[in-house]
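**Student:** This is the content of run-v5.tsv (TSV, C-alpha atoms):
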```tsv
chain	number	residue	atom	x	y	z
A	8	MET	CA	20.43	-14.06	17.67
A	9	SER	CA	20.07	-13.81	21.45
A	10	PHE	CA	16.65	-12.84	22.74
A	11	LEU	CA	15.59	-10.47	19.91
A	12	PRO	CA	13.38	-12.92	17.97
A	13	ALA	CA	11.69	-13.83	21.26
A	14	ILE	CA	10.38	-10.25	21.51
A	15	SER	CA	8.86	-10.52	18.05
A	16	LEU	CA	7.46	-13.98	18.86
A	17	LEU	CA	5.81	-12.71	22.04
A	18	ALA	CA	4.27	-9.77	20.16
A	19	LEU	CA	2.87	-12.08	17.47
A	20	LEU	CA	1.37	-14.42	20.05
A	21	MET	CA	-0.36	-11.43	21.64
A	22	MET	CA	-1.71	-10.18	18.29
A	23	LEU	CA	-2.95	-13.56	17.06
A	24	PRO	CA	-6.04	-13.64	19.36
A	25	VAL	CA	-6.96	-10.12	18.22
A	26	LEU	CA	-6.77	-11.18	14.59
A	27	LEU	CA	-8.80	-14.30	15.33
A	28	SER	CA	-11.48	-12.14	16.96
A	29	LEU	CA	-11.76	-10.11	13.74
A	30	ARG	CA	-12.49	-13.14	11.55
A	31	GLN	CA	-16.26	-12.66	11.93
A	32	THR	CA	-16.15	-9.18	10.43
A	33	ALA	CA	-17.04	-8.48	6.82
A	34	VAL	CA	-13.49	-7.25	6.08
A	35	ALA	CA	-11.82	-9.48	3.50
A	36	GLY	CA	-8.38	-10.99	4.06
A	37	VAL	CA	-8.52	-11.39	7.85
A	38	GLN	CA	-8.46	-15.21	7.65
A	39	SER	CA	-5.27	-15.12	5.59
A	40	PHE	CA	-3.64	-12.69	8.03
A	41	CYS	CA	-4.49	-15.06	10.90
A	42	LEU	CA	-2.69	-17.89	9.11
A	43	GLY	CA	0.19	-15.58	8.25
A	44	CYS	CA	0.57	-14.51	11.88
A	45	ALA	CA	0.47	-18.11	13.14
A	46	LEU	CA	3.02	-19.28	10.57
A	47	SER	CA	5.26	-16.30	11.35
A	48	ALA	CA	5.27	-17.35	15.00
A	49	VAL	CA	6.14	-20.93	13.99
A	50	ALA	CA	8.96	-19.65	11.75
A	51	ILE	CA	10.52	-17.50	14.48
A	52	ALA	CA	10.23	-20.31	17.04
A	53	SER	CA	11.90	-22.74	14.60
A	54	VAL	CA	14.74	-20.31	13.88
A	55	MET	CA	15.30	-19.85	17.63
A	56	VAL	CA	15.46	-23.61	18.12
A	57	ALA	CA	17.86	-23.96	15.19
A	58	ASP	CA	20.12	-21.30	16.67
A	59	ILE	CA	20.24	-23.17	19.97
A	60	VAL	CA	20.66	-26.80	18.81
A	61	SER	CA	22.32	-26.18	15.40
A	62	ALA	CA	20.06	-28.75	13.73
A	63	PHE	CA	19.13	-28.87	10.04
A	64	PHE	CA	15.43	-29.70	10.40
A	65	PRO	CA	14.43	-26.59	12.41
A	66	VAL	CA	16.23	-24.45	9.85
A	67	MET	CA	14.26	-25.89	6.94
A	68	LEU	CA	11.04	-25.76	8.94
A	69	GLY	CA	11.68	-22.10	9.72
A	70	TYR	CA	12.30	-21.25	6.06
A	71	ALA	CA	9.21	-23.14	4.91
A	72	ALA	CA	7.02	-21.51	7.58
A	73	LEU	CA	8.37	-18.04	6.80
A	74	ILE	CA	7.78	-18.37	3.05
A	75	SER	CA	4.29	-19.75	3.73
A	76	ALA	CA	3.64	-16.85	6.11
A	77	SER	CA	4.74	-14.45	3.38
A	78	LEU	CA	2.26	-16.08	1.00
A	79	PHE	CA	-0.67	-15.71	3.41
A	80	ILE	CA	0.33	-12.13	4.25
A	81	LEU	CA	0.27	-11.25	0.55
A	82	LEU	CA	-3.04	-13.07	0.10
A	83	GLY	CA	-4.39	-11.15	3.07
A	84	PHE	CA	-3.43	-7.89	1.41
A	85	ARG	CA	-5.07	-9.10	-1.79
A	86	GLY	CA	-8.38	-9.38	0.07
A	87	LEU	CA	-7.92	-6.27	2.21
A	88	LEU	CA	-7.03	-4.12	-0.79
A	89	ALA	CA	-9.67	-5.74	-3.05
A	90	LEU	CA	-7.05	-6.47	-5.71
A	91	SER	CA	-8.07	-8.13	-8.96
A	92	ALA	CA	-4.56	-9.40	-9.74
A	93	PRO	CA	-4.20	-13.07	-10.82
A	94	ALA	CA	-4.04	-15.54	-7.94
A	95	PHE	CA	-0.73	-17.07	-9.11
A	96	LEU	CA	1.02	-13.70	-8.71
A	97	PHE	CA	1.07	-13.89	-4.91
A	98	PRO	CA	2.65	-17.37	-4.53
A	99	ALA	CA	5.23	-16.21	-7.08
A	100	LEU	CA	5.95	-13.06	-5.05
A	101	ALA	CA	6.24	-15.03	-1.80
A	102	LEU	CA	8.56	-17.62	-3.36
A	103	THR	CA	10.69	-14.91	-4.97
A	104	ALA	CA	10.99	-13.06	-1.66
A	105	GLY	CA	12.09	-16.27	0.09
A	106	ILE	CA	14.66	-17.10	-2.59
A	107	VAL	CA	16.09	-13.59	-2.60
A	108	GLY	CA	16.43	-13.57	1.19
A	109	LEU	CA	18.04	-17.02	1.20
A	110	VAL	CA	20.49	-16.26	-1.64
A	111	VAL	CA	21.59	-13.00	0.00
A	112	SER	CA	22.13	-14.78	3.32
A	113	LEU	CA	24.37	-17.36	1.58
A	114	ASN	CA	26.64	-14.55	0.36
A	115	GLY	CA	27.87	-13.91	3.86
A	116	TYR	CA	27.09	-11.81	6.87
A	117	SER	CA	26.87	-8.03	6.28
A	118	SER	CA	27.51	-8.35	2.55
A	119	PHE	CA	26.55	-5.45	0.32
A	120	GLY	CA	23.43	-7.32	-0.72
A	121	GLY	CA	22.55	-7.94	2.92
A	122	ARG	CA	22.99	-4.30	3.85
A	123	LEU	CA	20.90	-3.21	0.89
A	124	LEU	CA	18.17	-5.72	1.70
A	125	ILE	CA	17.96	-4.74	5.37
A	126	ALA	CA	17.81	-1.04	4.47
A	127	GLY	CA	15.06	-1.84	1.98
A	128	GLY	CA	13.24	-3.93	4.57
A	129	LEU	CA	13.18	-1.13	7.14
A	130	ALA	CA	12.06	1.39	4.53
A	131	SER	CA	9.35	-1.02	3.36
A	132	ALA	CA	8.06	-1.37	6.94
A	133	LEU	CA	7.58	2.39	7.20
A	134	LEU	CA	6.01	2.60	3.73
A	135	LEU	CA	3.69	-0.30	4.48
A	136	VAL	CA	2.42	1.29	7.69
A	137	ALA	CA	2.03	4.67	5.95
A	138	GLY	CA	0.22	3.06	3.01
A	139	LEU	CA	-2.27	1.28	5.26
A	140	ALA	CA	-2.86	4.48	7.23
A	141	ALA	CA	-3.54	6.46	4.03
A	142	LEU	CA	-5.54	3.75	2.26
A	143	ASP	CA	-9.00	4.63	3.57
A	144	ARG	CA	-8.29	8.28	4.41
A	145	TRP	CA	-7.26	9.37	0.91
A	146	PRO	CA	-9.45	7.56	-1.64
A	147	LYS	CA	-7.85	9.41	-4.55
A	148	ALA	CA	-4.46	7.90	-3.69
A	149	ARG	CA	-5.82	4.38	-3.21
A	150	ARG	CA	-4.21	2.93	-6.33
A	151	VAL	CA	-0.78	4.23	-5.33
A	152	CYS	CA	-1.26	2.98	-1.75
A	153	ARG	CA	-2.13	-0.50	-2.99
A	154	ALA	CA	1.02	-0.72	-5.10
A	155	VAL	CA	3.18	0.61	-2.25
A	156	ILE	CA	1.71	-1.88	0.23
A	157	ILE	CA	2.20	-4.96	-1.97
A	158	ILE	CA	5.74	-4.04	-3.04
A	159	SER	CA	6.70	-3.13	0.53
A	160	ALA	CA	5.30	-6.40	1.88
A	161	ALA	CA	7.28	-8.43	-0.67
A	162	ILE	CA	10.54	-6.57	0.00
A	163	GLY	CA	9.97	-6.78	3.75
A	164	CYS	CA	9.44	-10.54	3.60
A	165	ALA	CA	12.68	-11.00	1.65
A	166	ALA	CA	14.56	-8.87	4.20
A	167	LEU	CA	13.00	-10.85	7.03
A	168	VAL	CA	14.19	-14.16	5.56
A	169	TYR	CA	17.71	-12.73	5.49
A	170	ALA	CA	17.48	-11.19	8.97
A	171	LEU	CA	16.25	-14.42	10.60
A	172	SER	CA	18.59	-16.73	8.70
A	173	PRO	CA	20.90	-18.76	10.97
A	174	LEU	CA	23.25	-19.50	8.07
A	175	HIS	CA	25.30	-16.31	8.38
A	176	GLN	CA	25.50	-16.19	12.15
A	177	ALA	CA	28.81	-18.06	12.39
A	178	SER	CA	30.70	-15.29	10.66
A	179	ALA	CA	32.86	-13.26	13.02
A	180	SER	CA	33.56	-10.40	10.64
A	181	HIS	CA	33.40	-6.99	12.11
A	182	THR	CA	30.27	-5.08	11.19
A	183	ALA	CA	29.18	-1.50	11.59
A	184	VAL	CA	27.03	-0.57	14.56
A	185	ALA	CA	24.42	0.95	12.22
A	186	PHE	CA	24.01	-2.35	10.37
A	187	GLU	CA	23.73	-4.31	13.61
A	188	PHE	CA	21.08	-1.92	14.85
A	189	ALA	CA	19.16	-2.13	11.53
A	190	LEU	CA	19.35	-5.93	11.59
A	191	ALA	CA	18.07	-6.05	15.16
A	192	ALA	CA	15.24	-3.65	14.31
A	193	MET	CA	14.24	-5.85	11.37
A	194	ARG	CA	14.19	-8.97	13.53
A	195	VAL	CA	12.18	-7.37	16.28
A	196	ALA	CA	9.87	-4.87	14.65
A	197	PHE	CA	8.89	-5.80	11.10
A	198	LEU	CA	6.27	-8.50	11.72
A	199	PRO	CA	4.70	-6.84	14.80
A	200	LEU	CA	4.46	-3.53	12.93
A	201	LEU	CA	2.90	-5.23	9.92
A	202	PHE	CA	0.21	-7.09	11.86
A	203	LEU	CA	-0.45	-4.13	14.16
A	204	ALA	CA	-1.07	-1.93	11.11
A	205	VAL	CA	-3.38	-4.60	9.69
A	206	ILE	CA	-5.33	-4.80	12.96
A	207	PHE	CA	-5.80	-1.02	13.07
A	208	THR	CA	-6.91	-0.99	9.42
A	209	VAL	CA	-9.45	-3.78	9.93
A	210	GLN	CA	-10.78	-2.22	13.12
A	211	GLY	CA	-11.04	1.15	11.36
A	212	ARG	CA	-13.11	-0.42	8.60
A	213	VAL	CA	-15.37	-2.17	11.09
A	214	ILE	CA	-15.96	1.12	12.95
A	215	ALA	CA	-16.57	2.96	9.67
A	216	GLY	CA	-19.07	0.29	8.66
A	217	LEU	CA	-20.89	0.60	11.97
A	218	LYS	CA	-21.01	4.38	11.63
A	219	THR	CA	-22.44	4.02	8.14
A	220	THR	CA	-25.04	1.56	9.36
A	221	ILE	CA	-26.06	3.85	12.21
A	222	ALA	CA	-26.12	6.89	9.95
A	223	ARG	CA	-28.45	5.26	7.41
A	224	ASP	CA	-32.13	4.50	7.72
A	225	GLY	CA	-32.48	0.74	7.45
A	226	LEU	CA	-35.50	0.79	5.12
A	227	THR	CA	-34.84	3.63	2.70
A	228	GLY	CA	-31.04	3.99	2.76
A	229	ALA	CA	-31.37	7.74	3.38
A	230	LEU	CA	-29.61	9.37	6.31
A	231	SER	CA	-31.16	8.70	9.70
A	232	ARG	CA	-32.74	11.56	11.61
A	233	ALA	CA	-29.75	11.90	13.96
A	234	ALA	CA	-27.26	11.78	11.08
A	235	LEU	CA	-29.27	14.33	9.09
A	236	ILE	CA	-29.40	16.78	12.00
A	237	GLU	CA	-25.68	16.27	12.67
A	238	ALA	CA	-24.87	16.91	9.01
A	239	GLY	CA	-27.27	19.86	9.01
A	240	GLU	CA	-25.60	21.50	11.97
A	241	ARG	CA	-22.21	21.14	10.34
A	242	ILE	CA	-23.39	22.45	6.94
A	243	PHE	CA	-25.43	25.18	8.60
A	244	ALA	CA	-22.48	26.49	10.61
A	245	THR	CA	-20.19	26.45	7.56
A	246	CYS	CA	-22.65	28.31	5.32
A	247	LEU	CA	-23.47	30.99	7.89
A	248	ALA	CA	-19.80	31.51	8.77
A	249	ARG	CA	-18.94	32.03	5.10
A	250	GLU	CA	-22.10	34.03	4.41
A	251	ARG	CA	-23.33	31.49	1.88
A	252	PRO	CA	-27.05	30.73	1.35
A	253	LEU	CA	-28.69	27.61	2.72
A	254	ALA	CA	-32.20	26.18	2.44
A	255	PHE	CA	-34.06	23.34	4.11
A	256	LEU	CA	-36.81	21.29	2.46
A	257	LEU	CA	-39.26	19.20	4.48
A	258	LEU	CA	-40.87	16.54	2.29
A	259	ASP	CA	-43.96	14.51	3.24
A	260	LEU	CA	-45.34	11.69	1.09
A	261	ASP	CA	-49.03	12.34	0.40
A	262	TYR	CA	-51.76	9.87	1.40
A	263	PHE	CA	-49.30	7.40	2.86
A	264	LYS	CA	-51.78	6.10	5.43
A	265	GLN	CA	-54.17	5.19	2.61
A	266	ILE	CA	-51.37	3.32	0.81
A	267	ASN	CA	-50.77	1.27	3.96
A	268	ASP	CA	-54.51	0.66	4.50
A	269	HIS	CA	-55.31	-0.21	0.91
A	270	TYR	CA	-52.22	-2.14	-0.18
A	271	GLY	CA	-50.72	-3.27	3.13
A	272	HIS	CA	-47.73	-2.20	5.18
A	273	ALA	CA	-45.30	-4.21	3.05
A	274	CYS	CA	-46.36	-2.16	0.03
A	275	GLY	CA	-46.07	0.98	2.17
A	276	ASP	CA	-42.46	0.07	2.88
A	277	ILE	CA	-41.86	-0.46	-0.84
A	278	ALA	CA	-43.39	2.96	-1.53
A	279	LEU	CA	-41.12	4.65	1.03
A	280	LYS	CA	-38.04	2.94	-0.38
A	281	HIS	CA	-39.07	3.82	-3.93
A	282	PHE	CA	-39.67	7.44	-2.96
A	283	ALA	CA	-36.30	7.77	-1.23
A	284	GLU	CA	-34.47	6.15	-4.15
A	285	THR	CA	-36.29	8.39	-6.65
A	286	VAL	CA	-35.42	11.58	-4.78
A	287	SER	CA	-31.82	10.47	-4.11
A	288	ALA	CA	-31.29	9.64	-7.79
A	289	PHE	CA	-32.71	13.02	-8.79
A	290	LEU	CA	-30.52	14.90	-6.31
A	291	ASP	CA	-27.37	13.07	-7.46
A	292	GLY	CA	-25.39	14.12	-4.40
A	293	ARG	CA	-26.79	17.62	-4.01
A	294	GLY	CA	-27.40	18.34	-0.33
A	295	ALA	CA	-27.97	15.98	2.60
A	296	PHE	CA	-31.12	13.88	2.30
A	297	GLY	CA	-32.50	11.92	5.24
A	298	ARG	CA	-35.59	10.35	6.77
A	299	ILE	CA	-36.93	12.29	9.73
A	300	GLY	CA	-39.61	9.77	10.64
A	301	GLY	CA	-42.55	7.94	9.09
A	302	GLU	CA	-43.10	9.37	5.61
A	303	GLU	CA	-41.31	12.67	6.37
A	304	PHE	CA	-37.91	13.41	4.86
A	305	GLY	CA	-35.56	16.37	5.13
A	306	LEU	CA	-33.22	17.87	2.55
A	307	ILE	CA	-30.45	20.33	3.50
A	308	LEU	CA	-29.26	22.38	0.53
A	309	PRO	CA	-26.05	24.40	1.01
A	310	ASP	CA	-25.38	27.21	-1.48
A	311	HIS	CA	-29.06	27.35	-2.46
A	312	THR	CA	-31.06	30.54	-2.31
A	313	GLU	CA	-34.79	30.50	-1.68
A	314	GLU	CA	-35.48	30.72	-5.42
A	315	GLN	CA	-33.03	27.92	-6.27
A	316	ALA	CA	-34.47	25.70	-3.54
A	317	THR	CA	-38.00	26.37	-4.85
A	318	THR	CA	-37.01	25.39	-8.39
A	319	LEU	CA	-35.47	22.21	-7.06
A	320	ALA	CA	-38.53	21.43	-4.91
A	321	GLU	CA	-40.85	21.84	-7.89
A	322	ALA	CA	-38.65	19.48	-9.90
A	323	ILE	CA	-38.80	16.93	-7.06
A	324	CYS	CA	-42.60	17.13	-6.99
A	325	ARG	CA	-42.72	16.57	-10.74
A	326	THR	CA	-40.23	13.69	-10.66
A	327	VAL	CA	-42.09	11.87	-7.86
A	328	ARG	CA	-45.41	12.41	-9.62
A	329	GLU	CA	-44.04	10.98	-12.87
A	330	THR	CA	-42.35	7.97	-11.23
A	331	PRO	CA	-45.04	5.68	-9.76
A	332	VAL	CA	-44.33	2.55	-7.76
A	333	ALA	CA	-44.49	-0.47	-10.06
A	334	ARG	CA	-46.34	-3.53	-8.70
A	335	VAL	CA	-47.21	-6.82	-10.35
A	336	HIS	CA	-50.62	-5.79	-11.74
A	337	GLN	CA	-50.79	-2.06	-11.08
A	338	ARG	CA	-48.83	1.13	-10.55
A	339	ILE	CA	-49.23	3.23	-7.41
A	340	ARG	CA	-49.03	6.95	-8.07
A	341	LEU	CA	-47.11	8.95	-5.48
A	342	THR	CA	-47.09	12.67	-4.79
A	343	VAL	CA	-45.16	14.72	-2.25
A	344	SER	CA	-45.79	17.98	-0.43
A	345	ILE	CA	-42.82	20.18	0.45
A	346	GLY	CA	-42.16	23.04	2.83
A	347	ILE	CA	-39.25	25.34	2.00
A	348	ALA	CA	-37.34	27.56	4.42
A	349	ALA	CA	-34.20	29.61	3.80
A	350	ALA	CA	-31.72	30.32	6.57
A	351	VAL	CA	-31.05	33.87	7.68
A	352	PRO	CA	-28.34	35.24	10.00
A	353	GLY	CA	-29.09	34.40	13.61
A	354	ASP	CA	-30.98	31.20	12.74
A	355	ALA	CA	-30.35	27.84	14.30
A	356	ILE	CA	-31.03	24.68	12.32
A	357	ALA	CA	-34.11	24.03	14.47
A	358	ASP	CA	-35.55	27.43	13.53
A	359	VAL	CA	-35.29	26.68	9.82
A	360	MET	CA	-36.82	23.22	10.29
A	361	ILE	CA	-39.78	24.70	12.20
A	362	ARG	CA	-40.46	27.24	9.46
A	363	ALA	CA	-40.28	24.49	6.86
A	364	ASP	CA	-42.68	22.40	8.96
A	365	LEU	CA	-45.24	25.23	9.04
A	366	ALA	CA	-44.84	25.71	5.28
A	367	LEU	CA	-45.35	21.99	4.75
A	368	TYR	CA	-48.64	22.14	6.64
A	369	ASP	CA	-49.78	24.92	4.32
A	370	SER	CA	-48.84	22.77	1.30
A	371	LYS	CA	-51.04	20.01	2.71
A	372	ALA	CA	-53.89	22.39	3.44
A	373	ASP	CA	-53.68	23.93	-0.03
A	374	GLY	CA	-54.23	20.64	-1.85
A	375	ARG	CA	-50.98	18.61	-1.59
A	376	ASP	CA	-48.55	17.78	-4.39
A	377	ARG	CA	-47.02	21.23	-4.14
A	378	CYS	CA	-44.32	23.21	-2.40
A	379	THR	CA	-44.74	26.28	-0.20
A	380	ILE	CA	-42.15	28.85	0.83
A	381	ALA	CA	-42.15	29.71	4.53
A	382	ARG	CA	-42.45	33.32	5.54
A	383	GLN	CA	-39.78	34.70	7.82
A	384	ARG	CA	-40.98	34.75	11.39
A	385	GLN	CA	-39.48	34.81	14.86
A	386	ILE	CA	-39.40	31.26	16.18
A	387	ASP	CA	-40.77	31.46	19.69
A	388	SER	CA	-42.69	29.05	21.91
A	389	SER	CA	-45.95	29.72	20.09
A	390	ALA	CA	-44.36	28.96	16.72
A	391	ARG	CA	-42.94	25.72	18.08
A	392	ALA	CA	-46.34	24.76	19.45
A	393	LEU	CA	-47.92	25.59	16.09
A	394	ALA	CA	-45.36	23.41	14.28
A	395	ALA	CA	-46.11	20.51	16.62
A	396	ALA	CA	-49.85	20.96	16.08
A	397	ALA	CA	-49.30	21.07	12.32
A	398	ALA	CA	-47.42	17.79	12.45
A	399	GLN	CA	-50.26	16.18	14.41
A	400	LEU	CA	-52.85	17.51	11.96
A	401	ARG	CA	-50.92	16.04	9.04
A	402	GLN	CA	-51.08	12.66	10.73
A	403	SER	CA	-54.83	12.85	11.37
A	404	ASP	CA	-55.98	14.63	8.21
A	405	ARG	CA	-55.61	11.90	5.58
A	406	PRO	CA	-58.35	12.05	2.91
A	407	ASP	CA	-58.81	9.13	0.52
A	408	PRO	CA	-56.50	9.51	-2.49
A	409	GLU	CA	-59.16	8.03	-4.75
A	410	LYS	CA	-61.60	10.83	-3.81
A	411	ALA	CA	-59.12	13.68	-3.63
A	412	ALA	CA	-58.05	15.54	-6.74
A	413	PRO	CA	-54.88	17.32	-5.68
A	414	ARG	CA	-53.63	20.37	-7.52
A	415	HIS	CA	-49.91	20.79	-7.92
A	416	GLY	CA	-47.93	23.97	-7.93
A	417	THR	CA	-46.06	26.38	-5.72
A	418	ARG	CA	-47.48	28.56	-3.03
A	419	ARG	CA	-45.08	31.45	-2.77
A	420	ARG	CA	-45.47	32.37	0.90
A	421	ALA	CA	-46.93	30.44	3.82
```
Can the structure from this file be put into structure tokens for me?
**Tutor:**
Amino acid sequence: MSFLPAISLLALLMMLPVLLSLRQTAVAGVQSFCLGCALSAVAIASVMVADIVSAFFPVMLGYAALISASLFILLGFRGLLALSAPAFLFPALALTAGIVGLVVSLNGYSSFGGRLLIAGGLASALLLVAGLAALDRWPKARRVCRAVIIISAAIGCAALVYALSPLHQASASHTAVAFEFALAAMRVAFLPLLFLAVIFTVQGRVIAGLKTTIARDGLTGALSRAALIEAGERIFATCLARERPLAFLLLDLDYFKQINDHYGHACGDIALKHFAETVSAFLDGRGAFGRIGGEEFGLILPDHTEEQATTLAEAICRTVRETPVARVHQRIRLTVSIGIAAAVPGDAIADVMIRADLALYDSKADGRDRCTIARQRQIDSSARALAAAAAQLRQSDRPDPEKAAPRHGTRRRA
């Protein structure tokens, strides 16, 4: 077998520390892949020793390690793919792959079965890599990708047992160059490709998890301010380019300071979380909903005219009003004030947010628990200063909810 398995062995020894470093992640199956990689290295080393000294024990050790590696690889895929298949299925697949590879190798070098198995092994390597690459990118094809990955891994392991077998190496029969090249490719590339694809998949999931964590507000689960603005810019540009309507809603929980003062900050956190969950459940995926800061939330509504956004805002006010926070001995009634602004050609996302902010201030000034539609105005430095002043006034002007008797409704133009 010359030096070809040594290339694969070196690649596995380089990948093993990377896999070990990924054990602390929340991605399932990494521990099994670590064991599979280590056992694969042991199997290749044993086969190399057996080829040099022509001893029986290294041969059997190599077979045992390779079948065990196949088992842990399949178990790793079970965790990575979140499969609910019975546990006994994977030892059976690994044992079957080992037996098939061994039986084919006993039939002689470059037999028809050997050629077929090597061709299947190379095809399975490509399908396995493609399946892992498509797994998280195309959720609709996930079931097909899972089946392709498991079947490809089993076929590849059987082909690898045949390719690394020292039992057929004594044959001197003439073989085609294409088969020799395919056999060499199987010996060198299959295991490194498999574990490299696994590493990329695990790292991709870790990065996606970090992005999700960063994009979500830790308390409420809504989008963070940065993620909301990023989503808003993308949605905004798409809607304006296609001449589709877009509206922005700025929501502010009424009397939140009094909730914190009267019930404590822990209850205030519960109220914020309850409010965000209530609005998110009502929206059911419509628009991008995020926490801007404190008790202020933003909602970007693509394909919504001013009238449609107003109808939705009124429904949000009603839903929040009718869904109080449940505590052990009492229920805390929540209300929300909303400013509504529709985008017009030439707007930037900041312009729409400023108009919604001014409309929100008018909702507060007009009695709270209502929504107000912003009038169209040129957003200049004075308007920005007015929006900032309105935000400060909302923070300072917090009457007692027990003394206030808010009226709810819609103010048509701020």
**Student:** Given only C-alpha atoms, how would the per-residue table for stretch 183-202 of chain A near stretch 142-163 of chain A read, listing every residue at most 9 Å away with its closest atom pair and distance in Å to one decimal, sorted by chain and number, as a Markdown table?
**Tutor:**
```
| residue | atom | partner | partner_atom | distance |
| --- | --- | --- | --- | --- |
| A:Met193 | CA | A:Gly163 | CA | 8.8 |
| A:Phe197 | CA | A:Gly163 | CA | 7.5 |
| A:Leu198 | CA | A:Gly163 | CA | 9.0 |
| A:Leu201 | CA | A:Ala160 | CA | 8.5 |
```
**Student:** May I ask for the distance between atom CA of A:Ala140 and atom CA of A:Arg212, given in Å to one decimal place?
**Tutor:**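 Going from atom CA of A:Ala140 over to atom CA of A:Arg212 covers 11.4 Å.
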**Student:** If you count all atoms listed in the file, which residues fall within 8 Å of A:Arg232, apart from same-chain ones fewer than 2 positions away, as a PyMOL selection string?
**Tutor:** chain A and resi 230+234-236+297-300
**Student:** Counting only C-alpha atoms, what is within 10 Å of stretch 168-172 of chain A, bar same-chain residues fewer than 4 positions away, as a VMD selection string?
**Tutor:** chain A and resid 8 12 50 to 51 54 to 55 57 to 58 66 69 to 70 73 to 74 77 104 to 113 116 121 124 to 125 128 163 to 164 176 189 to 195
**Student:** Determine the nearest neighbour of A:Val327 from the options A:Ala278, A:Leu20, A:Ala355, A:Leu139, counting all atoms listed in the file.
**Tutor:**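 Among A:Ala278, A:Leu20, A:Ala355, A:Leu139, it is A:Ala278 that comes nearest to A:Val327.
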**Student:** State, in Å with one decimal place, the distance from atom CA of A:Asn114 to atom CA of A:Ala185.
**Tutor:**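 So the answer is 19.6 Å.
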**Student:** Could you tell me which of A:Ala72, A:Ile277, A:Val34, A:Leu29 comes closest to A:Leu46 if we count all atoms listed in the file?
**Tutor:**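 Among the listed residues, A:Ala72 lies closest to A:Leu46.
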**Student:** Atom CA of A:Ile221 and atom CA of A:Cys324, how far apart in Å?
**Tutor:** 28.6 Å
**Student:** Determine, counting all atoms listed in the file, which protein, DNA and RNA residues have an atom within 8 Å of an atom of A:Leu260; residues of the same chain fewer than 6 positions away are not included. Present the result as a PyMOL selection string.
**Tutor:** chain A and resi 302-303+341-344
**Student:** Which residue, A:Glu237, A:Phe84, A:Ala126, A:Val209, has the smallest gap to A:Ser39 when you use all atoms listed in the file?
**Tutor:**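 The answer is A:Phe84, which sits nearest to A:Ser39.
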**Student:** Within 12 Å of A:Cys246, counting only C-alpha atoms, which residues qualify if same-chain residues fewer than 5 places away don't, as a ChimeraX atom specification?
**Tutor:** /A:239-241,251-254,307-312,349-352,354-356
**Student:** Tell me, as a short mmCIF file (atom, residue, chain, number, x, y, z; two decimals) with C-alpha atoms, in the coordinates of the input, which residues lie within 6 Å of A:Ala348, counting all atoms listed in the file; anything in the same chain fewer than 5 positions away does not count.
**Tutor:**
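The result, written out as result.cif:
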```cif
data_model
loop_
_atom_site.label_atom_id
_atom_site.label_comp_id
_atom_site.auth_asym_id
_atom_site.auth_seq_id
_atom_site.Cartn_x
_atom_site.Cartn_y
_atom_site.Cartn_z
CA ALA A 254 -32.20 26.18 2.44
CA PHE A 255 -34.06 23.34 4.11
CA VAL A 359 -35.29 26.68 9.82
CA ARG A 362 -40.46 27.24 9.46
CA ALA A 363 -40.28 24.49 6.86
CA ALA A 381 -42.15 29.71 4.53
#
```
**Student:** When distances are computed from all atoms listed in the file, which of A:Phe207, A:Ala165, A:Gly346, A:Ile14 shows the smallest separation from A:Ser370?
**Tutor:**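 Smallest distance to A:Ser370 is found for A:Gly346.
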**Student:** When distances are computed from all atoms listed in the file, which of A:Gly271, A:Pro98, A:Gly216, A:Gly228 shows the smallest separation from A:Thr32?
**Tutor:**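 Checking each candidate against A:Thr32, we get A:Gly216 as the closest.
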**Student:** Could you put an axis-aligned box around every listed atom of stretch 27-40 of chain A, padded by 8 Å on each side, and send me its centre and edge lengths in Å to one decimal, as JSON?
**Tutor:**
```
{"center_x": -10.3, "center_y": -11.2, "center_z": 10.2, "size_x": 29.4, "size_y": 24.0, "size_z": 29.5}
```
**Student:** Closest to A:Pro24 among A:Ile361, A:Pro65, A:Phe40, A:Lys371, using all atoms listed in the file?
**Tutor:**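 Nearest to A:Pro24: A:Phe40.
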